[in-house]
Amino acid sequence: MAAARRLAAEAIGTFWLVLGGCGAAVLAAGATLPGSIGMAGVALAFGLTVFTMAFAVGFISGGHFNPAVSIGLAVAGRFAARDVPGYVAAQLVGAVLASAALALLAGGAPGFDLVASGFAANGYGVHSPGHYGMATAFLAEALLTAGFLVVILGATDQRSSGPFAPLAIGLALTLIHLVAIPIDNTSVNPARSTGPALFVGGWALSQLWLFWVAPIGGAVVAGLGARWLFAHSREDQSPGPISDQPVERLIDDGKVTVA
């Protein structure tokens, strides 16, 4: 039952991420749409999905919602490798169901053409919003996913400010989308890419490989580096205001000191 709850939490969280993020792109960001939220609004929508679901179900499953994150955490030694296949499967189920729900919602608009709209699918070349090539898209996905994993691993380290982890992770995803939407509509998440690609078909499926290989590659590199960067050692304690020790306010003879 505990395992089933974790998988359900991952499916629900990924469903919310794809429905909220891709939904914002498909339903609310059209150039001719009155009150369009634009690229910045879509970026914020993706960040908000992770932020809200990390609080809602993160304590059940860890709040991965992303195959690259699950794999990167396993490489970093923060997640059991044996649980990765189940998590990835649950994330894919959530992404596909969210894409199906979004297709139904978007289809309610007169004249909506799912394939012609692009359906928030990720792509490069002629399918890139800025017409960026394959090499640029690959590099962006690998670098940004690696950076995302560093934020996740650092924000969730036991020496970090735990309650703020969902905020840091959500803002990181927002930043990533602000950078990469013009390049390839931003993936850094193979499940998020797979859901829309299955409905668009054609070019989206033929280019889907990049949005699996590059994010997972970046996550693996970040996970390996994290084994050294986030190693727990007294010698690594920060000499500055941010350290691995809890802050305690001590009152002694009317004087307040921080230890």
# chains A, B, ... in the order shown; residues from 1 in each chain; ligands from 1
>>> closest_atom_pairs(of="segment 26-95 of chain A", to="segment 150-160 of chain A", cutoff="10 Å", atoms="only C-alpha atoms", output="Markdown table")
| residue | atom | partner | partner_atom | distance |
| --- | --- | --- | --- | --- |
| A:Gly62 | CA | A:Thr156 | CA | 9.8 |
| A:His64 | CA | A:Ile152 | CA | 9.5 |
| A:Val69 | CA | A:Ile152 | CA | 8.5 |
| A:Gly72 | CA | A:Leu153 | CA | 9.3 |
| A:Leu73 | CA | A:Leu153 | CA | 7.7 |
| A:Ala76 | CA | A:Leu153 | CA | 8.5 |
| A:Arg78 | CA | A:Leu153 | CA | 8.4 |
>>> residues_around(residues="Ala81 of chain A", least_positions_apart="6", cutoff="9 Å", atoms="only C-alpha atoms", output="list of chain:residue names")
A:Ser70, A:Ile71, A:Leu73, A:Ala74, A:Val75
>>> closest_atom_pairs(of="segment 148-247 of chain A", to="segment 23-47 of chain A", cutoff="10 Å", atoms="only C-alpha atoms", output="JSON lines")
{"residue": "A:Pro166", "atom": "CA", "partner": "A:Gly47", "partner_atom": "CA", "distance": 9.6}
{"residue": "A:Leu167", "atom": "CA", "partner": "A:Gly47", "partner_atom": "CA", "distance": 8.7}
{"residue": "A:Ala168", "atom": "CA", "partner": "A:Gly47", "partner_atom": "CA", "distance": 9.6}
{"residue": "A:Ile169", "atom": "CA", "partner": "A:Gly47", "partner_atom": "CA", "distance": 7.8}
{"residue": "A:Gly170", "atom": "CA", "partner": "A:Gly47", "partner_atom": "CA", "distance": 4.2}
{"residue": "A:Leu171", "atom": "CA", "partner": "A:Gly47", "partner_atom": "CA", "distance": 5.7}
{"residue": "A:Ala172", "atom": "CA", "partner": "A:Gly47", "partner_atom": "CA", "distance": 7.3}
{"residue": "A:Leu173", "atom": "CA", "partner": "A:Gly47", "partner_atom": "CA", "distance": 5.1}
{"residue": "A:Thr174", "atom": "CA", "partner": "A:Gly47", "partner_atom": "CA", "distance": 4.6}
{"residue": "A:Leu175", "atom": "CA", "partner": "A:Ala43", "partner_atom": "CA", "distance": 7.2}
{"residue": "A:Ile176", "atom": "CA", "partner": "A:Ala43", "partner_atom": "CA", "distance": 7.8}
{"residue": "A:His177", "atom": "CA", "partner": "A:Ala43", "partner_atom": "CA", "distance": 4.9}
{"residue": "A:Leu178", "atom": "CA", "partner": "A:Ala43", "partner_atom": "CA", "distance": 5.7}
{"residue": "A:Val179", "atom": "CA", "partner": "A:Ala43", "partner_atom": "CA", "distance": 9.1}
{"residue": "A:Ala180", "atom": "CA", "partner": "A:Ala43", "partner_atom": "CA", "distance": 9.5}
{"residue": "A:Ile181", "atom": "CA", "partner": "A:Met39", "partner_atom": "CA", "distance": 7.3}
{"residue": "A:Pro182", "atom": "CA", "partner": "A:Met39", "partner_atom": "CA", "distance": 8.6}
{"residue": "A:Asn185", "atom": "CA", "partner": "A:Ala25", "partner_atom": "CA", "distance": 9.3}
{"residue": "A:Thr186", "atom": "CA", "partner": "A:Ala43", "partner_atom": "CA", "distance": 9.2}
>>> select_by_dssp(residues="segment 32-252 of chain A", states="helix (DSSP H, G or I)", output="PyMOL selection string")
chain A and resi 38-61+67-75+81-106+114-117+125-127+134-155+162-184+190-200+203-206+210-229+234-236
>>> atom_distance(atom1="atom CA of Gly217 of chain A", atom2="atom CA of Val93 of chain A")
22.2 Å
